[in-house]
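Only one structure is covered here, and it is reproduced in the block below.
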Amino acid sequence: AGPFSDLSPWHSWASELGAQDQPHAWFVRAGDVLAGALMVLWVGLVARRGGLRRDLRGLGVVAAGVFGAATVADALLPMACASTVDAACLAAEQAGTLPWTHTAHSVSSSVAGTALGVAAAALSLAALRRGRPGARVLLVLVGVMLATLGWQLACLAPGTARVGEVLTVPGLAQRVQLLGTVAWWVVFAVGTGWGAGRW
């Protein structure tokens with residue numbers, strides 16, 4: 001739990017901070033909209049200045065755009081409630097009685113996660129081929145992102161956790177992944193010129 005939420009960073013999903021029943025959820029969702037919109041804007045600027053070639057760089061840029069758009073969708077289609085701490089919410093989720101936006105959020109999150117993975121891998125390989133500084137570090141960070149994704153999927157396996165008796169720590173796995181993602185973008189920005197046509 002933290003100063004702005006009672007959700008455990010060890011066991012709760014980051015998306016639950018923006019759930020409709022959470023305090024300060026508007027702030028979390030506003031941050032997602034801003035981040036996603038900036039990513040789409042960056043992709044647009046890269047496309048305008050250097051074009052979108054049919055190579056790893058082009059694939060990575062397009063995937064980054066999909067990631068940004070899906071992140072905005074995540075914020076506009078918030079979870080109805082936090083099922084990791086609310087037994088009634090979990091029961092309604094399993095019964096399929098929550099609003100359609102709750103399920104749509106899962107879809108947009110999956111799209112965002114997949115697109116992020118594709119973007120990071122493609123842009124890292126493109127940087128390696130061009131001999132850009134930090135390319136190997138980028139690949140290591142991609143490995144961290146994929147490893148923590150596998151960790152999260154393991155946490156979702158049937159019987160691994162339930163409300164009141166959490167046997168795994170998916171929240172920790174996701175937050176490590178998020179830190180790895182932030183580190184990846186920082187290294188990418190510094191080592192490639194932030195898509196300014198020099199990479």
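Residues in the structure tokens are numbered from 1 in each chain, the chains being A, B, ... in the order shown, and ligands are numbered from 1 in the order shown.
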
Just want the 6 Å neighbourhood of stretch 68-84 of chain A, counted on only C-alpha atoms, with same-chain residues fewer than 3 positions away dropped. Output as a PyMOL selection string.
chain A and resi 12+16+19-21+29+32-33+36+39-40+65+89-90+101-102+105+108+112+163

As JSON, numbers by chain, list the residues of stretch 43-162 of chain A assigned to helix (DSSP H, G or I) by DSSP on the backbone atoms of this structure.
{"A": [43, 44, 45, 46, 47, 48, 49, 50, 56, 57, 58, 59, 60, 61, 62, 63, 64, 65, 66, 67, 68, 69, 70, 71, 72, 73, 74, 75, 76, 87, 88, 89, 90, 91, 92, 93, 94, 95, 100, 101, 102, 103, 104, 105, 106, 107, 108, 109, 110, 111, 112, 113, 114, 115, 116, 117, 118, 119, 120, 121, 122, 123, 124, 125, 126, 127, 128, 129, 135, 136, 137, 138, 139, 140, 141, 142, 143, 144, 145, 146, 147, 148, 149, 150, 151, 152, 153, 154, 155]}

Give me the residues near A:Gln177 as a count of residues only, where near means some atom within 9 Å (using only C-alpha atoms) and where sequence neighbours in that chain fewer than 5 positions away do not count.
8

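Nearest to A:Val142 of all the residues A:Leu156, A:Thr181, A:Leu17, A:Leu34 is A:Thr181, based on only C-alpha atoms.
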